[in-house]
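A.B. asks: Handing you a structure now.
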Amino acid sequence: MCIRDRRVLKPYSKWGLHAHGAALGCVGHILSSEFKKIYIASTFHQDALFPWASHPDTDPLLGSREITLIHDGCETDRPHKIEAVCEHEIVMDHLRVCWANVEGTYNCGGCEKCLRTMIILDAIGKLGRCRTLPGRPDPKAVRRLLYTHDYEVGRVFAREDISFLEACGLQQSPMVASLRTALARPRWLAGLIRAVRKRAQKLARLVSSVSPFGLE
């Protein structure tokens with residue numbers, strides 16, 4: 001779903017908590033003339049489930065007599081999914097995970113989704129094969145990640161990454177230390193920092209729109 005589609009639902013719901021499962025179901029119904037069964041990739045491992053817009057208990061309810069919707073893959077966590085799909089060359093050539101939508105980039109390499117994907121690929125030695133992700137993940141950037149009250153999802157994935165890295169023998173790595181630092185930051189402080197960053201970004205955009213001769 002593109003960002004404009006999400007804005008239709010924004011006044012009425014939160015995308016992650018309420019809306020994106022129904023949006024995926026709508027896409028399935030649009031394709032029902034071509035497909036009779038649609039698989040919706042799971043967000044969480046079955047041991048980490050909590051109320052979320054796409055869920056194994058609710059996704060099948062969005063189907064109909066014309067199409068069956070299946071919530072697929074919750075028996076596996078994200079790091080192991082990444083490990084599995086990176087064996088396919090087509091994935092390494094075209095993988096896109098970024099939600100930052102930075103103009104001119106396929107994957108920005110700095111948002112939370114890019115970083116957590118790069119962390120796992122780097123840990124298993126496959127990051128260099130991925131043509132769509134830039135460089136190695138920066139532990140400093142990971143340390144600056146913000147997990148606020150409304151972003152429990154990120155905390156789930158950070159804990160999964162830590163468990164995976166530890167299983168790979170990387171318990172003492174800078175990346176594990178950075179993830180633990182980000183997780184240890186109080187939610188209220190993360191929310192405050194995020195608000196300050198947003199205001200700083202707005203100010204930067206305003207300043208950049210000013211020419212030497214006044215507002216453009």
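Lettering and numbering for the structure tokens are positional, with chains as A, B, ... in the shown order, residues counted from 1 in each chain, and ligands counted from 1 in the shown order.
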When DSSP is applied to the backbone of this structure, which of chain A are assigned helix (DSSP H, G or I)? Write them out as a PyMOL selection string.
C.D. replies: chain A and resi 3-9+15-30+46-48+59-62+78-85+89-94+112-123+127-129+139-143+152-167+174-184+187-208
A.B. asks: Near region 98-107 of chain A, within 8 Å and counting only C-alpha atoms, which residues show up once chain neighbours fewer than 5 positions away are dropped, as a PDB file with all heavy atoms, in the first residue's frame?
C.D. replies:
ATOM      1  N   LYS A 113      13.607  -0.625   9.748  1.00  0.00           N
ATOM      2  CA  LYS A 113      13.424  -1.848   8.964  1.00  0.00           C
ATOM      3  C   LYS A 113      14.680  -2.199   8.183  1.00  0.00           C
ATOM      4  O   LYS A 113      15.080  -3.362   8.105  1.00  0.00           O
ATOM      5  CB  LYS A 113      12.235  -1.695   8.006  1.00  0.00           C
ATOM      6  CG  LYS A 113      10.909  -2.027   8.629  1.00  0.00           C
ATOM      7  CD  LYS A 113       9.796  -2.101   7.595  1.00  0.00           C
ATOM      8  CE  LYS A 113       9.610  -3.501   7.064  1.00  0.00           C
ATOM      9  NZ  LYS A 113       8.409  -3.614   6.213  1.00  0.00           N
ATOM     10  N   CYS A 114      15.299  -1.200   7.583  1.00  0.00           N
ATOM     11  CA  CYS A 114      16.548  -1.450   6.860  1.00  0.00           C
ATOM     12  C   CYS A 114      17.616  -1.986   7.800  1.00  0.00           C
ATOM     13  O   CYS A 114      18.293  -2.976   7.506  1.00  0.00           O
ATOM     14  CB  CYS A 114      17.051  -0.165   6.200  1.00  0.00           C
ATOM     15  SG  CYS A 114      16.192   0.307   4.675  1.00  0.00           S
ATOM     16  N   THR A 132      20.615  -4.366  -2.952  1.00  0.00           N
ATOM     17  CA  THR A 132      19.715  -3.239  -2.709  1.00  0.00           C
ATOM     18  C   THR A 132      19.910  -2.582  -1.346  1.00  0.00           C
ATOM     19  O   THR A 132      19.208  -1.619  -1.028  1.00  0.00           O
ATOM     20  CB  THR A 132      18.243  -3.694  -2.825  1.00  0.00           C
ATOM     21  OG1 THR A 132      17.976  -4.677  -1.814  1.00  0.00           O
ATOM     22  CG2 THR A 132      17.968  -4.275  -4.197  1.00  0.00           C
ATOM     23  N   LEU A 133      20.834  -3.107  -0.541  1.00  0.00           N
ATOM     24  CA  LEU A 133      21.092  -2.520   0.776  1.00  0.00           C
ATOM     25  C   LEU A 133      22.515  -1.974   0.828  1.00  0.00           C
ATOM     26  O   LEU A 133      23.463  -2.672   0.438  1.00  0.00           O
ATOM     27  CB  LEU A 133      20.888  -3.557   1.882  1.00  0.00           C
ATOM     28  CG  LEU A 133      19.435  -3.899   2.194  1.00  0.00           C
ATOM     29  CD1 LEU A 133      19.352  -5.168   3.029  1.00  0.00           C
ATOM     30  CD2 LEU A 133      18.740  -2.757   2.914  1.00  0.00           C
ATOM     31  N   PRO A 134      22.685  -0.735   1.304  1.00  0.00           N
ATOM     32  CA  PRO A 134      24.000  -0.096   1.277  1.00  0.00           C
ATOM     33  C   PRO A 134      24.862  -0.456   2.482  1.00  0.00           C
ATOM     34  O   PRO A 134      24.446  -0.319   3.622  1.00  0.00           O
ATOM     35  CB  PRO A 134      23.644   1.401   1.330  1.00  0.00           C
ATOM     36  CG  PRO A 134      22.370   1.452   2.104  1.00  0.00           C
ATOM     37  CD  PRO A 134      21.634   0.185   1.766  1.00  0.00           C
TER      38      PRO A 134
END
A.B. asks: Apply DSSP to the structure's backbone, then extract all residues of region 4-216 of chain A labelled strand (DSSP E or B) and return them as a PyMOL selection string.
C.D. replies: chain A and resi 37-41+68-72+210-211+214-215
A.B. asks: Please provide as a PDB file with all heavy atoms, in the first residue's frame all residues within 9 Å of region 159-163 of chain A, with the sequence filter that same-chain residues fewer than 6 positions apart are discarded (counting only C-alpha atoms).
C.D. replies:
ATOM      1  N   ASP A  77      10.312 -16.935  13.154  1.00  0.00           N
ATOM      2  CA  ASP A  77      10.542 -15.518  13.421  1.00  0.00           C
ATOM      3  C   ASP A  77      11.224 -14.852  12.225  1.00  0.00           C
ATOM      4  O   ASP A  77      11.658 -15.521  11.282  1.00  0.00           O
ATOM      5  CB  ASP A  77      11.347 -15.312  14.710  1.00  0.00           C
ATOM      6  CG  ASP A  77      12.733 -15.939  14.655  1.00  0.00           C
ATOM      7  OD1 ASP A  77      13.264 -16.165  13.555  1.00  0.00           O
ATOM      8  OD2 ASP A  77      13.298 -16.215  15.735  1.00  0.00           O
ATOM      9  N   ARG A  78      11.330 -13.541  12.264  1.00  0.00           N
ATOM     10  CA  ARG A  78      11.850 -12.789  11.120  1.00  0.00           C
ATOM     11  C   ARG A  78      13.307 -13.099  10.787  1.00  0.00           C
ATOM     12  O   ARG A  78      13.643 -13.241   9.611  1.00  0.00           O
ATOM     13  CB  ARG A  78      11.651 -11.293  11.328  1.00  0.00           C
ATOM     14  CG  ARG A  78      10.201 -10.894  11.153  1.00  0.00           C
ATOM     15  CD  ARG A  78      10.057  -9.430  10.799  1.00  0.00           C
ATOM     16  NE  ARG A  78       8.679  -9.160  10.448  1.00  0.00           N
ATOM     17  CZ  ARG A  78       8.289  -8.244   9.576  1.00  0.00           C
ATOM     18  NH1 ARG A  78       9.178  -7.505   8.965  1.00  0.00           N
ATOM     19  NH2 ARG A  78       7.015  -8.063   9.312  1.00  0.00           N
ATOM     20  N   PRO A  79      14.205 -13.164  11.767  1.00  0.00           N
ATOM     21  CA  PRO A  79      15.584 -13.480  11.401  1.00  0.00           C
ATOM     22  C   PRO A  79      15.718 -14.780  10.623  1.00  0.00           C
ATOM     23  O   PRO A  79      16.486 -14.852   9.652  1.00  0.00           O
ATOM     24  CB  PRO A  79      16.285 -13.561  12.770  1.00  0.00           C
ATOM     25  CG  PRO A  79      15.510 -12.626  13.635  1.00  0.00           C
ATOM     26  CD  PRO A  79      14.079 -12.829  13.203  1.00  0.00           C
ATOM     27  N   ARG A 116      17.387  -3.495  10.806  1.00  0.00           N
ATOM     28  CA  ARG A 116      17.214  -4.842  11.369  1.00  0.00           C
ATOM     29  C   ARG A 116      17.406  -5.918  10.309  1.00  0.00           C
ATOM     30  O   ARG A 116      17.839  -7.036  10.625  1.00  0.00           O
ATOM     31  CB  ARG A 116      15.884  -4.980  12.081  1.00  0.00           C
ATOM     32  CG  ARG A 116      14.639  -4.861  11.273  1.00  0.00           C
ATOM     33  CD  ARG A 116      13.447  -5.231  12.181  1.00  0.00           C
ATOM     34  NE  ARG A 116      12.303  -4.389  12.058  1.00  0.00           N
ATOM     35  CZ  ARG A 116      11.261  -4.633  11.257  1.00  0.00           C
ATOM     36  NH1 ARG A 116      11.255  -5.707  10.500  1.00  0.00           N
ATOM     37  NH2 ARG A 116      10.230  -3.802  11.238  1.00  0.00           N
ATOM     38  N   ILE A 119      21.239  -6.146   9.806  1.00  0.00           N
ATOM     39  CA  ILE A 119      21.883  -6.803  10.948  1.00  0.00           C
ATOM     40  C   ILE A 119      21.914  -8.310  10.748  1.00  0.00           C
ATOM     41  O   ILE A 119      22.951  -8.968  10.952  1.00  0.00           O
ATOM     42  CB  ILE A 119      21.132  -6.448  12.253  1.00  0.00           C
ATOM     43  CG1 ILE A 119      21.444  -5.008  12.669  1.00  0.00           C
ATOM     44  CG2 ILE A 119      21.502  -7.415  13.377  1.00  0.00           C
ATOM     45  CD1 ILE A 119      20.561  -4.507  13.804  1.00  0.00           C
ATOM     46  N   ILE A 120      20.779  -8.884  10.346  1.00  0.00           N
ATOM     47  CA  ILE A 120      20.708 -10.339  10.179  1.00  0.00           C
ATOM     48  C   ILE A 120      21.530 -10.794   8.977  1.00  0.00           C
ATOM     49  O   ILE A 120      22.279 -11.775   9.058  1.00  0.00           O
ATOM     50  CB  ILE A 120      19.247 -10.804  10.039  1.00  0.00           C
ATOM     51  CG1 ILE A 120      18.445 -10.413  11.283  1.00  0.00           C
ATOM     52  CG2 ILE A 120      19.184 -12.308   9.808  1.00  0.00           C
ATOM     53  CD1 ILE A 120      19.017 -10.930  12.584  1.00  0.00           C
ATOM     54  N   LEU A 170      27.532 -14.221  18.659  1.00  0.00           N
ATOM     55  CA  LEU A 170      27.909 -12.808  18.621  1.00  0.00           C
ATOM     56  C   LEU A 170      27.432 -12.067  19.872  1.00  0.00           C
ATOM     57  O   LEU A 170      27.088 -10.893  19.813  1.00  0.00           O
ATOM     58  CB  LEU A 170      27.312 -12.154  17.359  1.00  0.00           C
ATOM     59  CG  LEU A 170      27.770 -12.763  16.033  1.00  0.00           C
ATOM     60  CD1 LEU A 170      26.967 -12.187  14.868  1.00  0.00           C
ATOM     61  CD2 LEU A 170      29.262 -12.518  15.818  1.00  0.00           C
ATOM     62  N   GLN A 171      27.452 -12.753  21.006  1.00  0.00           N
ATOM     63  CA  GLN A 171      26.942 -12.166  22.249  1.00  0.00           C
ATOM     64  C   GLN A 171      27.661 -10.869  22.620  1.00  0.00           C
ATOM     65  O   GLN A 171      27.050  -9.954  23.170  1.00  0.00           O
ATOM     66  CB  GLN A 171      27.097 -13.169  23.416  1.00  0.00           C
ATOM     67  CG  GLN A 171      26.287 -14.429  23.268  1.00  0.00           C
ATOM     68  CD  GLN A 171      27.069 -15.549  22.596  1.00  0.00           C
ATOM     69  OE1 GLN A 171      27.947 -15.293  21.774  1.00  0.00           O
ATOM     70  NE2 GLN A 171      26.758 -16.785  22.949  1.00  0.00           N
ATOM     71  N   MET A 175      26.938  -4.800  17.879  1.00  0.00           N
ATOM     72  CA  MET A 175      25.549  -4.726  17.447  1.00  0.00           C
ATOM     73  C   MET A 175      24.597  -5.161  18.550  1.00  0.00           C
ATOM     74  O   MET A 175      23.550  -4.534  18.768  1.00  0.00           O
ATOM     75  CB  MET A 175      25.336  -5.578  16.192  1.00  0.00           C
ATOM     76  CG  MET A 175      24.088  -5.229  15.431  1.00  0.00           C
ATOM     77  SD  MET A 175      24.069  -3.498  14.894  1.00  0.00           S
ATOM     78  CE  MET A 175      25.406  -3.502  13.697  1.00  0.00           C
ATOM     79  N   VAL A 176      24.943  -6.224  19.248  1.00  0.00           N
ATOM     80  CA  VAL A 176      24.105  -6.665  20.374  1.00  0.00           C
ATOM     81  C   VAL A 176      24.081  -5.595  21.452  1.00  0.00           C
ATOM     82  O   VAL A 176      23.019  -5.279  22.018  1.00  0.00           O
ATOM     83  CB  VAL A 176      24.616  -8.005  20.939  1.00  0.00           C
ATOM     84  CG1 VAL A 176      23.939  -8.318  22.275  1.00  0.00           C
ATOM     85  CG2 VAL A 176      24.338  -9.136  19.957  1.00  0.00           C
ATOM     86  N   LEU A 179      21.755  -2.772  20.307  1.00  0.00           N
ATOM     87  CA  LEU A 179      20.347  -3.150  20.409  1.00  0.00           C
ATOM     88  C   LEU A 179      19.888  -3.114  21.875  1.00  0.00           C
ATOM     89  O   LEU A 179      18.790  -2.638  22.173  1.00  0.00           O
ATOM     90  CB  LEU A 179      20.128  -4.544  19.821  1.00  0.00           C
ATOM     91  CG  LEU A 179      20.138  -4.652  18.290  1.00  0.00           C
ATOM     92  CD1 LEU A 179      20.256  -6.110  17.863  1.00  0.00           C
ATOM     93  CD2 LEU A 179      18.882  -4.025  17.694  1.00  0.00           C
ATOM     94  N   ARG A 180      20.715  -3.589  22.763  1.00  0.00           N
ATOM     95  CA  ARG A 180      20.355  -3.579  24.180  1.00  0.00           C
ATOM     96  C   ARG A 180      20.245  -2.143  24.705  1.00  0.00           C
ATOM     97  O   ARG A 180      19.363  -1.846  25.528  1.00  0.00           O
ATOM     98  CB  ARG A 180      21.394  -4.363  24.991  1.00  0.00           C
ATOM     99  CG  ARG A 180      21.360  -5.869  24.724  1.00  0.00           C
ATOM    100  CD  ARG A 180      22.172  -6.628  25.759  1.00  0.00           C
ATOM    101  NE  ARG A 180      22.190  -8.053  25.482  1.00  0.00           N
ATOM    102  CZ  ARG A 180      21.195  -8.898  25.771  1.00  0.00           C
ATOM    103  NH1 ARG A 180      20.103  -8.437  26.344  1.00  0.00           N
ATOM    104  NH2 ARG A 180      21.309 -10.179  25.480  1.00  0.00           N
ATOM    105  N   LEU A 183      16.928  -0.750  23.503  1.00  0.00           N
ATOM    106  CA  LEU A 183      15.815  -1.349  24.242  1.00  0.00           C
ATOM    107  C   LEU A 183      15.740  -0.834  25.680  1.00  0.00           C
ATOM    108  O   LEU A 183      14.647  -0.725  26.240  1.00  0.00           O
ATOM    109  CB  LEU A 183      15.960  -2.872  24.262  1.00  0.00           C
ATOM    110  CG  LEU A 183      15.558  -3.624  22.999  1.00  0.00           C
ATOM    111  CD1 LEU A 183      15.933  -5.093  23.124  1.00  0.00           C
ATOM    112  CD2 LEU A 183      14.078  -3.486  22.721  1.00  0.00           C
TER     113      LEU A 183
END
A.B. asks: Between CA of Arg199 (chain A) and CA of Thr148 (chain A), measure the distance and give it in Å to one decimal.
C.D. replies: 16.7 Å
A.B. asks: For CA of Ala190 (chain A) and CA of Ser42 (chain A), determine how far apart the two atoms are, in Å to one decimal place.
C.D. replies: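 If I compute the distance from CA of Ala190 (chain A) to CA of Ser42 (chain A), I get 26.9 Å.
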A.B. asks: Can you tell me, as an MDAnalysis selection string, what residues are no more than 10 Å from Ala22 (chain A) when counting only C-alpha atoms, ignoring any on the same chain fewer than 5 positions away?
C.D. replies: chainID A and resid 15 27:28 53:54 58:59 61:62
A.B. asks: How far is it from CA of Arg194 (chain A) to CA of Gly21 (chain A), in Å with one decimal?
C.D. replies: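 CA of Gly21 (chain A) lies 26.3 Å from CA of Arg194 (chain A).
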A.B. asks: So that I can see what lies close to Pro51 (chain A), please list as a PyMOL selection string the residues with an atom at most 12 Å from it, counting only C-alpha atoms and leaving out residues fewer than 6 positions away in the same chain.
C.D. replies: chain A and resi 16-19+21+43-44+57-58+152-153
A.B. asks: Go through A:Pro56, A:Gly169, A:Gly154, A:Pro186 and flag the residue nearest Cys111 (chain A), using only C-alpha atoms for the distances.
C.D. replies: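 Under the stated criterion, the closest residue is A:Gly154.
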A.B. asks: With distances taken over only C-alpha atoms, which of A:Ala158, A:Ala41, A:Val8, A:Cys108 is nearest to Leu69 (chain A)?
C.D. replies: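 Once distances to Leu69 (chain A) are computed over only C-alpha atoms, the minimum belongs to A:Ala41.
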A.B. asks: Find, counting only C-alpha atoms, the residue in A:Val210, A:Leu31, A:Cys168, A:Val156 that gets nearest to Phe50 (chain A).
C.D. replies: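 Once distances to Phe50 (chain A) are computed over only C-alpha atoms, the minimum belongs to A:Val156.
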A.B. asks: Which residue gives the smallest distance to Glu87 (chain A) among A:Lys202, A:Arg129, A:Arg143, A:His20, with only C-alpha atoms counted?
C.D. replies: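 Closest residue, counting only C-alpha atoms: A:Arg129.
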A.B. asks: Rank A:Ala23, A:His80, A:Ser64, A:Gln46 by their smallest atom-to-atom distance to Arg7 (chain A), using only C-alpha atoms, and report the top residue only.
C.D. replies: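 Of the candidates, the smallest distance to Arg7 (chain A) is held by A:Ala23.
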A.B. asks: Name all residues at most 12 Å from Leu127 (chain A) (count only C-alpha atoms; drop same-chain ones fewer than 2 positions away) and give them as number ranges by chain.
C.D. replies: A: 82-83, 86-87, 91-93, 95, 109, 114-125, 129-137
